[in-house]
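Step one of this worksheet: look at the structure below.
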Amino acid sequence: MVPPAATASTSVQGSSQAPASVGSPAAPAVKDPAKDTILTPRFYTTDFDAMAAMDLRPNEAELEAICEEFRKDYNRHHFVRNEEFEGAADKLDPQTRKVFVEFLEQSCTSEFSGFLLYKELSRRIKQKNPLLAECFAHMARDEARHAGFLNKSMADFGLQLDLGFLTANKAYTYFKPKFIFYATYLSEKIGYWRYIAIYRHLEKHPESKIFPIFNFFENWCQDENRHGDFFDALMKAQPDTVRGFTSRLWCRFFLLAVFATMYVRDVARKEFYEALGLDAREYDKEVIIKTNETSARVFPVVLDVQNPRFWVRLERLVHNNEALSAVDAADGPAPIKALRKLPFWAANGLEMAKLFLMAPIRSEAFQPAVR
Ligand SMILES: [Fe+2]
Ligand SMILES: [Fe+2]
């Protein structure tokens, strides 16, 4: 399920110019991609014929207006590295360096995953659905910029992700178009809130700005916001995706999956947030509340994130995940490890089911003004 066109020309490996030693910014070592888990960013593929055949007429004017915004390419000159980056990597202590590189890698992978999906979509539907294809091409341009900028920062630490290798070797998850809409809408909007929350925090606490890349987050997150608005308009052009009983169930499922995954992952690497002077739990809570609120503009239902039980249950997932990591880290044969993990997997399943069954909030009640 690897999109063939995406495999060819995307390698942005570091130069191999002779005298620089491997692992230096001049000749970064190619970093092995992080092990795939349920918490690492995913690569997606979809039904391209169904996307090409999509009728945009119910919301064509809004999509055309969004495409016009994309054409303006507001951030064309934004992602230019300046002298602040020189020597910045050397100022980080080894522990901060480790968690920061993980952050860069995870962010670069998820930006790149967006690039691959949008690029392939624009290529495959170009003939039959030119407006949609053009929007995807503009978004692919933005994501390529974001991924490239993050990868250059990795090079400051003497590392670089081999994006060509990732393209060809990572497993692709197939989603029907409407599931692509839910998943990418949420990842764009949550990306917006994540970047802007860090940016605003560092504006107030410049002493915690551990690397100059954070200076770029304000304009960067506007790209993600526009991408999210595009999927909002696209879902409104396909109203059945956000109407009816089944859609309400799926929206709840995707909101929960995205929020729970982020919470568990961020708490597990809370040291990164501590390095920025943030508390991972507080930060995630803010991002989840904001994303949930934004989602009510298009999803028919959102989650009751003001309910204290929601957070108690997320904490149980964190606890189970820590237990699972402890089993992984211990010695022992794989079948025994799997047996020891079983109760924690079951407990996670049960907590997710309880979270899913919590009464949602109808969006009309939540965002009456914008609906
Ligand atoms: Fe992006
Ligand atoms: Fe994006």
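Quick note on naming: the chains in the structure tokens go A, B, ... in the order shown, residues restart at 1 in each chain, and ligands are numbered from 1 in order of appearance.
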Got a sec: who's within 12 Å of range 40-42 of chain A, counting only C-alpha atoms, leaving out chain neighbours fewer than 6 positions off, as a PyMOL selection string? chain A and resi 33-34+102-103+105-114+116-117+166-167+170-175+180+183-184+187+258+261-262+264-266
With N, CA, C and O atoms retained, could you export that selection as a CSV table (one decimal), in the first residue's frame?
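Produced file part.csv, reproduced below:
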chain,number,residue,atom,x,y,z
A,33,PRO,N,14.7,5.0,12.2
A,33,PRO,CA,13.4,5.5,12.6
A,33,PRO,C,13.0,4.8,14.0
A,33,PRO,O,13.4,3.7,14.2
A,34,ALA,N,12.3,5.5,14.8
A,34,ALA,CA,11.8,5.0,16.1
A,34,ALA,C,10.9,3.8,15.8
A,34,ALA,O,10.3,3.7,14.8
A,102,GLU,N,13.9,13.5,20.3
A,102,GLU,CA,12.7,12.6,20.1
A,102,GLU,C,11.6,13.5,19.7
A,102,GLU,O,10.8,13.0,18.8
A,103,PHE,N,11.4,14.6,20.2
A,103,PHE,CA,10.3,15.5,19.8
A,103,PHE,C,10.5,15.9,18.4
A,103,PHE,O,9.5,15.9,17.6
A,105,GLU,N,12.0,14.3,16.0
A,105,GLU,CA,11.8,13.1,15.2
A,105,GLU,C,10.3,12.8,15.0
A,105,GLU,O,9.8,12.6,13.9
A,106,GLN,N,9.6,12.8,16.1
A,106,GLN,CA,8.2,12.5,16.1
A,106,GLN,C,7.4,13.6,15.3
A,106,GLN,O,6.6,13.3,14.4
A,107,SER,N,7.8,14.9,15.5
A,107,SER,CA,7.1,15.9,14.7
A,107,SER,C,7.4,15.8,13.2
A,107,SER,O,6.6,16.0,12.4
A,108,CYS,N,8.7,15.6,12.9
A,108,CYS,CA,9.1,15.5,11.5
A,108,CYS,C,8.4,14.3,10.9
A,108,CYS,O,7.9,14.4,9.7
A,109,THR,N,8.3,13.2,11.6
A,109,THR,CA,7.6,12.0,11.0
A,109,THR,C,6.1,12.3,10.7
A,109,THR,O,5.6,12.0,9.7
A,110,SER,N,5.5,13.0,11.7
A,110,SER,CA,4.0,13.3,11.4
A,110,SER,C,3.8,14.4,10.3
A,110,SER,O,2.9,14.3,9.5
A,111,GLU,N,4.7,15.4,10.3
A,111,GLU,CA,4.6,16.3,9.2
A,111,GLU,C,4.8,15.6,7.8
A,111,GLU,O,4.1,15.9,6.9
A,112,PHE,N,5.8,14.7,7.8
A,112,PHE,CA,6.1,14.1,6.6
A,112,PHE,C,5.0,13.1,6.2
A,112,PHE,O,4.7,13.0,5.0
A,113,SER,N,4.3,12.5,7.1
A,113,SER,CA,3.2,11.6,6.8
A,113,SER,C,2.1,12.4,6.2
A,113,SER,O,1.5,12.0,5.2
A,114,GLY,N,1.9,13.7,6.6
A,114,GLY,CA,0.9,14.5,6.0
A,114,GLY,C,1.3,14.9,4.6
A,114,GLY,O,0.5,14.8,3.6
A,116,LEU,N,3.1,13.1,2.5
A,116,LEU,CA,3.0,12.0,1.6
A,116,LEU,C,1.5,11.8,1.2
A,116,LEU,O,1.2,11.5,0.0
A,117,LEU,N,0.6,11.8,2.2
A,117,LEU,CA,-0.8,11.6,1.9
A,117,LEU,C,-1.3,12.7,0.9
A,117,LEU,O,-2.0,12.4,0.0
A,166,LEU,N,11.8,5.9,5.2
A,166,LEU,CA,10.5,5.9,5.9
A,166,LEU,C,9.4,5.7,4.9
A,166,LEU,O,8.5,4.9,5.1
A,167,THR,N,9.4,6.4,3.8
A,167,THR,CA,8.4,6.3,2.8
A,167,THR,C,8.2,4.9,2.3
A,167,THR,O,7.1,4.4,2.1
A,170,LYS,N,7.7,2.2,5.9
A,170,LYS,CA,6.7,2.2,7.0
A,170,LYS,C,5.4,1.6,6.6
A,170,LYS,O,5.0,1.7,5.4
A,171,ALA,N,4.7,1.0,7.5
A,171,ALA,CA,3.4,0.4,7.1
A,171,ALA,C,2.4,1.5,6.9
A,171,ALA,O,2.4,2.5,7.6
A,172,TYR,N,1.6,1.4,5.9
A,172,TYR,CA,0.5,2.4,5.6
A,172,TYR,C,-0.8,1.9,6.1
A,172,TYR,O,-1.2,0.7,5.8
A,173,THR,N,-1.5,2.7,6.8
A,173,THR,CA,-2.9,2.3,7.3
A,173,THR,C,-3.9,2.8,6.2
A,173,THR,O,-3.9,4.0,5.9
A,174,TYR,N,-4.8,1.9,5.8
A,174,TYR,CA,-5.8,2.3,4.8
A,174,TYR,C,-7.0,2.8,5.6
A,174,TYR,O,-7.5,2.1,6.5
A,175,PHE,N,-7.5,4.0,5.2
A,175,PHE,CA,-8.7,4.5,5.8
A,175,PHE,C,-9.6,4.9,4.6
A,175,PHE,O,-9.2,5.5,3.6
A,180,ILE,N,-10.3,9.3,6.8
A,180,ILE,CA,-9.2,10.2,6.6
A,180,ILE,C,-9.6,11.6,7.0
A,180,ILE,O,-8.8,12.3,7.6
A,183,ALA,N,-9.6,11.8,10.8
A,183,ALA,CA,-8.2,11.7,11.4
A,183,ALA,C,-7.4,12.9,11.1
A,183,ALA,O,-6.7,13.5,11.9
A,184,THR,N,-7.4,13.4,9.8
A,184,THR,CA,-6.5,14.5,9.4
A,184,THR,C,-7.1,15.8,10.0
A,184,THR,O,-6.3,16.7,10.4
A,187,SER,N,-5.9,15.9,13.4
A,187,SER,CA,-4.4,16.0,13.6
A,187,SER,C,-4.0,17.5,13.2
A,187,SER,O,-3.1,18.0,13.8
A,258,VAL,N,-7.6,10.1,19.3
A,258,VAL,CA,-6.6,11.1,19.2
A,258,VAL,C,-6.2,11.7,20.6
A,258,VAL,O,-5.0,11.8,20.9
A,261,THR,N,-4.4,8.9,22.8
A,261,THR,CA,-3.0,8.6,22.3
A,261,THR,C,-2.0,9.8,22.7
A,261,THR,O,-0.9,9.5,23.2
A,262,MET,N,-2.5,11.0,22.5
A,262,MET,CA,-1.6,12.1,22.8
A,262,MET,C,-1.3,12.2,24.3
A,262,MET,O,-0.2,12.4,24.7
A,264,VAL,N,-1.4,9.9,26.7
A,264,VAL,CA,-0.5,8.8,27.1
A,264,VAL,C,1.0,9.1,26.6
A,264,VAL,O,1.9,8.9,27.4
A,265,ARG,N,1.1,9.5,25.4
A,265,ARG,CA,2.4,9.7,24.8
A,265,ARG,C,3.1,10.9,25.5
A,265,ARG,O,4.3,10.8,25.8
A,266,ASP,N,2.4,12.0,25.7
A,266,ASP,CA,3.0,13.2,26.2
A,266,ASP,C,3.4,13.0,27.7
A,266,ASP,O,4.5,13.5,28.1
Distance query range 332-349 of chain A at most 9 Å, only C-alpha atoms, self and fewer than 5 positions along chain excluded, as a VMD selection string: chain A and resid 316 to 317 320 to 321 323 to 324 327 354
Within 9 Å of ligand 2, counting only C-alpha atoms and all ligand atoms, which protein or nucleic acid residues do you find, written as a ChimeraX atom specification? /A:111,114-115,139-140,142-143,146,184-185,187-189,191-192,220-221,223-228
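Pairwise distance (CA of Ile66 in chain A, CA of Glu293 in chain A) equals 21.4 Å.
The closest residue to ligand 1, picked from A:Ala50, A:Cys135, A:Arg71, A:Leu150 and counting only C-alpha atoms and all ligand atoms, is A:Leu150.
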